[in-house]
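Q: Below is start-v4.csv; it holds CSV, C-alpha atoms.
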```csv
chain,number,residue,atom,x,y,z
A,1,MET,CA,0.0,0.0,0.0
A,2,ALA,CA,2.8,2.4,0.8
A,3,SER,CA,4.4,2.1,-2.6
A,4,GLU,CA,1.0,2.7,-4.3
A,5,LYS,CA,0.5,5.9,-2.4
A,6,ARG,CA,4.0,7.1,-3.3
A,7,SER,CA,3.0,6.9,-7.0
A,8,THR,CA,0.0,9.2,-6.8
A,9,PHE,CA,1.7,12.6,-6.2
A,10,LEU,CA,2.5,12.1,-2.5
A,11,PRO,CA,6.0,12.8,-1.2
A,12,CYS,CA,8.4,10.0,-2.1
A,13,PHE,CA,11.2,9.5,0.4
A,14,PRO,CA,14.1,7.0,0.1
A,15,ALA,CA,14.2,4.0,2.4
A,16,GLU,CA,17.7,5.1,3.7
A,17,ALA,CA,17.2,8.8,4.6
A,18,LYS,CA,20.9,9.1,5.4
A,19,SER,CA,22.1,7.6,2.1
A,20,ARG,CA,24.8,9.6,0.2
A,21,ALA,CA,22.4,10.3,-2.6
A,22,TRP,CA,19.8,11.7,-0.2
A,23,VAL,CA,22.3,13.9,1.6
A,24,GLU,CA,23.6,15.3,-1.7
A,25,ARG,CA,20.1,15.9,-2.9
A,26,LYS,CA,19.1,17.8,0.2
A,27,VAL,CA,22.2,20.0,0.0
A,28,GLY,CA,22.1,20.9,-3.7
A,29,VAL,CA,18.4,20.7,-4.6
A,30,GLU,CA,15.4,22.4,-3.1
A,31,MET,CA,12.6,20.2,-4.4
A,32,ARG,CA,12.9,17.1,-6.7
A,33,TYR,CA,10.0,16.7,-9.1
A,34,GLY,CA,9.4,13.7,-11.4
A,35,TYR,CA,7.3,13.8,-14.5
A,36,ALA,CA,5.9,10.7,-16.3
A,37,ARG,CA,3.8,10.7,-19.5
A,38,VAL,CA,2.2,8.2,-21.8
A,39,SER,CA,0.2,8.9,-24.9
A,40,THR,CA,-2.8,6.6,-24.3
A,41,ASP,CA,-4.6,4.7,-21.5
A,42,GLU,CA,-3.5,1.4,-23.0
A,43,GLN,CA,0.2,2.3,-22.2
A,44,SER,CA,1.5,1.8,-18.7
A,45,LEU,CA,3.1,4.5,-16.5
A,46,ALA,CA,4.6,1.9,-14.3
A,47,PRO,CA,8.2,1.8,-15.7
A,48,GLN,CA,8.5,5.5,-15.5
A,49,ARG,CA,7.0,5.6,-12.1
A,50,VAL,CA,9.3,3.0,-10.7
A,51,SER,CA,12.4,4.9,-12.0
A,52,LEU,CA,11.2,8.2,-10.6
A,53,VAL,CA,10.4,6.7,-7.2
A,54,SER,CA,13.9,5.2,-7.1
A,55,ALA,CA,15.3,8.7,-7.9
A,56,ASP,CA,13.9,9.9,-4.5
A,57,CYS,CA,11.3,12.4,-5.9
A,58,ASP,CA,9.5,14.6,-3.5
A,59,GLN,CA,6.6,14.7,-5.9
A,60,ILE,CA,5.7,12.8,-9.1
A,61,VAL,CA,3.4,14.2,-11.7
A,62,GLU,CA,1.8,11.7,-14.1
A,63,GLU,CA,0.0,12.5,-17.4
A,64,VAL,CA,-1.8,10.5,-20.1
A,65,GLU,CA,-1.7,12.8,-23.1
A,66,SER,CA,-0.4,12.6,-26.6
A,67,GLY,CA,2.8,14.6,-27.3
A,68,VAL,CA,1.1,16.6,-30.0
A,69,LYS,CA,-1.7,17.8,-27.6
A,70,ALA,CA,-1.6,20.3,-24.8
A,71,ARG,CA,0.1,18.8,-21.7
A,72,ARG,CA,-1.6,20.7,-18.9
A,73,ARG,CA,0.1,18.9,-16.0
A,74,LEU,CA,3.5,19.4,-17.5
A,75,ASP,CA,2.8,23.1,-18.2
A,76,ALA,CA,1.6,23.5,-14.6
A,77,LEU,CA,4.7,21.8,-13.2
A,78,LEU,CA,7.0,23.9,-15.3
A,79,GLY,CA,5.3,27.0,-14.1
A,80,GLN,CA,5.8,26.2,-10.4
A,81,LEU,CA,9.5,25.2,-10.7
A,82,GLN,CA,11.8,27.5,-8.8
A,83,SER,CA,15.6,28.1,-8.9
A,84,GLY,CA,17.3,25.2,-7.2
A,85,ASP,CA,14.5,22.6,-7.9
A,86,GLU,CA,15.2,19.5,-9.9
A,87,LEU,CA,13.1,18.1,-12.7
A,88,ILE,CA,13.6,14.4,-13.5
A,89,VAL,CA,12.2,12.4,-16.4
A,90,LEU,CA,13.0,8.9,-17.6
A,91,GLU,CA,13.6,9.8,-21.2
A,92,LEU,CA,14.1,13.1,-23.0
A,93,ASP,CA,11.1,12.8,-25.3
A,94,ARG,CA,8.7,13.0,-22.3
A,95,LEU,CA,9.3,16.8,-22.3
A,96,GLY,CA,8.4,17.8,-25.9
A,97,ARG,CA,7.0,17.1,-29.3
A,98,SER,CA,10.2,17.6,-31.2
A,99,THR,CA,13.9,17.9,-30.7
A,100,SER,CA,13.9,21.6,-31.2
A,101,GLU,CA,11.1,22.1,-28.6
A,102,VAL,CA,13.0,20.0,-26.0
A,103,ILE,CA,16.3,21.9,-26.7
A,104,LEU,CA,14.5,25.3,-26.1
A,105,LEU,CA,12.9,23.9,-22.9
A,106,MET,CA,16.2,22.6,-21.5
A,107,ASP,CA,17.8,26.0,-22.2
A,108,GLU,CA,15.0,27.8,-20.4
A,109,LEU,CA,15.3,25.5,-17.4
A,110,ILE,CA,19.0,26.1,-17.2
A,111,LYS,CA,18.6,29.8,-17.3
A,112,ARG,CA,16.0,29.6,-14.5
A,113,GLY,CA,18.4,27.7,-12.4
A,114,VAL,CA,16.4,24.5,-12.5
A,115,HIS,CA,18.3,21.2,-12.5
A,116,LEU,CA,17.3,18.7,-15.2
A,117,ARG,CA,18.1,15.1,-15.0
A,118,ILE,CA,17.3,12.5,-17.7
A,119,LEU,CA,17.6,9.0,-16.0
A,120,ALA,CA,18.2,7.3,-19.4
A,121,LEU,CA,21.0,9.8,-20.2
A,122,PRO,CA,23.0,10.3,-17.0
A,123,SER,CA,25.6,12.4,-18.9
A,124,LEU,CA,23.0,15.1,-19.2
A,125,ASP,CA,23.1,15.8,-15.5
A,126,ILE,CA,24.3,19.5,-15.5
A,127,ALA,CA,25.7,19.0,-12.0
A,128,THR,CA,28.6,17.2,-13.6
A,129,ASN,CA,31.4,18.7,-15.8
A,130,ASP,CA,30.2,16.6,-18.8
A,131,GLY,CA,26.6,17.7,-18.2
A,132,ARG,CA,27.7,21.4,-18.1
A,133,LEU,CA,29.5,20.9,-21.4
A,134,ILE,CA,26.4,19.4,-22.9
A,135,ALA,CA,24.3,22.3,-21.5
A,136,ASP,CA,26.6,24.8,-23.2
A,137,ILE,CA,26.1,23.0,-26.5
A,138,LEU,CA,22.4,22.8,-26.0
A,139,ALA,CA,22.3,26.6,-25.3
A,140,SER,CA,24.1,27.2,-28.6
A,141,LEU,CA,21.6,24.9,-30.4
A,142,ALA,CA,18.7,26.8,-28.7
A,143,ALA,CA,20.0,30.1,-29.9
A,144,HIS,CA,20.4,28.7,-33.4
A,145,GLU,CA,16.8,27.4,-33.3
A,146,ARG,CA,15.5,30.7,-32.1
A,147,ARG,CA,17.2,32.4,-35.1
A,148,ARG,CA,15.7,29.9,-37.4
A,149,LEU,CA,12.2,30.5,-36.0
A,150,ARG,CA,12.6,34.2,-36.4
A,151,ASP,CA,13.8,33.8,-40.0
A,152,ARG,CA,10.8,31.5,-40.8
A,153,GLN,CA,8.5,34.1,-39.1
A,154,ARG,CA,9.9,36.9,-41.2
A,155,GLN,CA,9.6,34.8,-44.4
A,156,GLY,CA,6.0,34.0,-43.5
A,157,ILE,CA,5.2,37.7,-42.9
A,158,ALA,CA,6.8,38.7,-46.2
A,159,ALA,CA,4.9,36.1,-48.1
A,160,ALA,CA,1.6,37.1,-46.5
A,161,ARG,CA,2.2,40.7,-47.3
A,162,SER,CA,3.0,39.9,-50.9
A,163,LEU,CA,-0.4,38.3,-51.1
A,164,GLY,CA,-2.1,41.3,-49.6
A,165,ARG,CA,-3.1,39.6,-46.4
A,166,HIS,CA,-3.8,41.7,-43.3
A,167,LEU,CA,-1.3,41.1,-40.4
A,168,GLY,CA,-1.6,42.0,-36.8
A,169,ARG,CA,-4.7,42.9,-35.0
A,170,PRO,CA,-8.1,42.7,-36.8
A,171,GLN,CA,-9.0,45.9,-38.6
A,172,LYS,CA,-11.5,48.0,-36.7
A,173,MET,CA,-13.1,49.3,-39.9
A,174,ASN,CA,-14.3,47.2,-42.9
A,175,GLY,CA,-14.0,48.2,-46.5
A,176,GLN,CA,-17.4,49.9,-46.7
A,177,GLN,CA,-16.7,52.0,-43.6
A,178,ILE,CA,-13.3,53.0,-45.0
A,179,GLY,CA,-15.0,54.1,-48.2
A,180,GLU,CA,-17.6,56.1,-46.3
A,181,ALA,CA,-15.1,57.7,-44.0
A,182,ARG,CA,-13.0,58.7,-47.1
A,183,ALA,CA,-16.1,60.3,-48.7
A,184,ARG,CA,-16.9,62.2,-45.5
A,185,LEU,CA,-13.4,63.5,-45.2
A,186,ALA,CA,-13.5,64.6,-48.9
A,187,ALA,CA,-16.5,66.6,-48.0
A,188,ASP,CA,-14.4,68.4,-45.4
A,189,GLU,CA,-16.0,66.8,-42.4
A,190,PRO,CA,-13.5,67.0,-39.4
A,191,VAL,CA,-11.4,64.0,-38.7
A,192,PRO,CA,-12.4,63.7,-35.0
A,193,ILE,CA,-16.1,63.6,-35.9
A,194,VAL,CA,-15.7,61.0,-38.6
A,195,ALA,CA,-13.5,58.9,-36.3
A,196,ARG,CA,-16.1,59.1,-33.5
A,197,ALA,CA,-18.8,57.9,-35.9
A,198,TYR,CA,-17.0,54.6,-36.4
A,199,GLY,CA,-15.9,54.1,-32.8
A,200,VAL,CA,-12.2,54.7,-33.4
A,201,THR,CA,-9.7,57.4,-32.5
A,202,PRO,CA,-8.5,60.0,-35.1
A,203,LYS,CA,-5.0,58.3,-35.0
A,204,THR,CA,-6.6,54.9,-35.8
A,205,LEU,CA,-8.7,56.4,-38.6
A,206,ARG,CA,-5.6,58.0,-40.2
A,207,ALA,CA,-3.6,54.7,-39.9
A,208,THR,CA,-6.5,52.7,-41.4
A,209,LEU,CA,-6.9,55.0,-44.3
A,210,ALA,CA,-3.1,55.1,-44.9
A,211,ARG,CA,-3.1,51.3,-45.1
A,212,SER,CA,-6.0,51.2,-47.5
A,213,ASN,CA,-4.9,50.4,-51.1
A,214,ASN,CA,-7.9,52.3,-52.4
A,215,LEU,CA,-6.7,55.6,-50.9
A,216,SER,CA,-5.2,57.4,-53.8
A,217,ASN,CA,-3.8,60.4,-52.0
A,218,PRO,CA,-3.5,60.0,-48.3
A,219,SER,CA,-2.1,63.5,-47.7
A,220,GLN,CA,-5.3,65.1,-49.0
A,221,HIS,CA,-7.5,63.7,-46.2
A,222,LEU,CA,-5.1,62.9,-43.4
A,223,LYS,CA,-4.4,66.5,-42.4
A,224,ARG,CA,-5.5,67.0,-38.9
A,225,ARG,CA,-8.7,69.1,-38.6
A,226,SER,CA,-10.3,70.6,-35.6
A,227,ALA,CA,-13.8,69.7,-34.6
```
Before anything else, please render the file you have as structure tokens.
A:
Amino acid sequence: MASEKRSTFLPCFPAEAKSRAWVERKVGVEMRYGYARVSTDEQSLAPQRVSLVSADCDQIVEEVESGVKARRRLDALLGQLQSGDELIVLELDRLGRSTSEVILLMDELIKRGVHLRILALPSLDIATNDGRLIADILASLAAHERRRLRDRQRQGIAAARSLGRHLGRPQKMNGQQIGEARARLAADEPVPIVARAYGVTPKTLRATLARSNNLSNPSQHLKRRSA
């Protein structure tokens, strides 16, 4: 019964409280969290659970969720981790959908001062010299991945703009309203009054008209007028 309770998010303490591993953990780590995940109910969490219990976790978080879906328990756990805590998983792929996602997450944890230990890859323990070397390499890979993401984002924005797609916040005025506003300004109606009629500020009205492809001569109508 005791072992079953330890697998359902209750504190997990080692049998030998004065063992060397326990003493080292208490000195160097604030809290030790284990995370286990499987994709379907047909899969068993037992192998991961046994390994995490053996790693002297204070708390074990278990989740049944596909890697391509939102992992609410993992996200909640990552949000509560503090500097000095340790996160332990059996295998690296428990933490992300792709290699790039895992690399970025590992880099974020390192920057936050959170220890990460992969039981299947003991060389990734950043408390060791080899682990710190790997962490430095991962940080470089994370920086490279962020640059790639920014480049892809810029390329996507450029492609969308070339197709005439609107980017950013939804427009506050539709095409008909823009045409009406342009006609009212052409009839010398003050900008503040026209803007108020469409529930926008004069600044927003000017910006909207300036972005409109149908506005042939923005300077003719965008001159600030008093009410």
Q: May I ask for the distance between atom CA of A:Glu108 and atom CA of A:Arg147, given in Å to one decimal place?
A: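 Taking atom CA of A:Glu108 as the start and atom CA of A:Arg147 as the end point, the length is 15.6 Å.
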Q: What is the distance between atom CA of A:Val50 and atom CA of A:Val38, in Å to one decimal?
A: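 These atoms are spaced 14.2 Å apart.
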Q: So what do you get for atom CA of A:Leu109 versus atom CA of A:Tyr33, distance-wise?
A: 13.2 Å
Q: I need the residue nearest A:Ser54 from this list: A:Met173, A:Leu90, A:Ser66, A:Ile134. Use all atoms listed in the file for the distance.
A: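 Using all atoms listed in the file, A:Ser54 sits closest to A:Leu90.
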Q: List as a PDB file with C-alpha atoms, in the coordinates of the input the residues having at least one atom at most 10 Å from position (17.8, 27.4, -20.8) as given in the file, counting all atoms listed in the file.
A:
```pdb
ATOM      1  CA  ILE A 103      16.300  21.900 -26.700  1.00  0.00           C
ATOM      2  CA  LEU A 104      14.500  25.300 -26.100  1.00  0.00           C
ATOM      3  CA  LEU A 105      12.900  23.900 -22.900  1.00  0.00           C
ATOM      4  CA  MET A 106      16.200  22.600 -21.500  1.00  0.00           C
ATOM      5  CA  ASP A 107      17.800  26.000 -22.200  1.00  0.00           C
ATOM      6  CA  GLU A 108      15.000  27.800 -20.400  1.00  0.00           C
ATOM      7  CA  LEU A 109      15.300  25.500 -17.400  1.00  0.00           C
ATOM      8  CA  ILE A 110      19.000  26.100 -17.200  1.00  0.00           C
ATOM      9  CA  LYS A 111      18.600  29.800 -17.300  1.00  0.00           C
ATOM     10  CA  ARG A 112      16.000  29.600 -14.500  1.00  0.00           C
ATOM     11  CA  GLY A 113      18.400  27.700 -12.400  1.00  0.00           C
ATOM     12  CA  VAL A 114      16.400  24.500 -12.500  1.00  0.00           C
ATOM     13  CA  ALA A 135      24.300  22.300 -21.500  1.00  0.00           C
ATOM     14  CA  ASP A 136      26.600  24.800 -23.200  1.00  0.00           C
ATOM     15  CA  LEU A 138      22.400  22.800 -26.000  1.00  0.00           C
ATOM     16  CA  ALA A 139      22.300  26.600 -25.300  1.00  0.00           C
ATOM     17  CA  ALA A 142      18.700  26.800 -28.700  1.00  0.00           C
ATOM     18  CA  ALA A 143      20.000  30.100 -29.900  1.00  0.00           C
TER      19      ALA A 143
END
```
Q: Could you tell me which of A:Leu185, A:Ala197, A:Ala120, A:Ala159 comes closest to A:Asp93 if we count all atoms listed in the file?
A: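 Residue with the minimum atom-to-atom distance to A:Asp93: A:Ala120.
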Q: Point out the residue among A:Val194, A:Arg117, A:Glu65, A:Glu189 with the least atom-to-atom distance to A:Glu42, counting all atoms listed in the file.
A: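 Going through A:Val194, A:Arg117, A:Glu65, A:Glu189 one by one, the smallest distance to A:Glu42 is for A:Glu65.
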Q: Name the residues, using the chain letters and numbers of the file, that sit within 8 Å of (6.1, 11.8, -27.3) when counting all atoms listed in the file, and give them as a list in words.
A: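 The residues near that point, listed by chain and number, are Val38, Ser39, Ser66, Gly67, Val68, Asp93, Arg94, Leu95, Gly96 and Arg97 of chain A.
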Q: In terms of the shortest atom-to-atom distance over only C-alpha atoms, which of A:Leu121, A:Asp188, A:Lys203, A:His115 is closest to A:Gly84?
A: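 Looking at the shortest contact to A:Gly84, the residue is A:His115.
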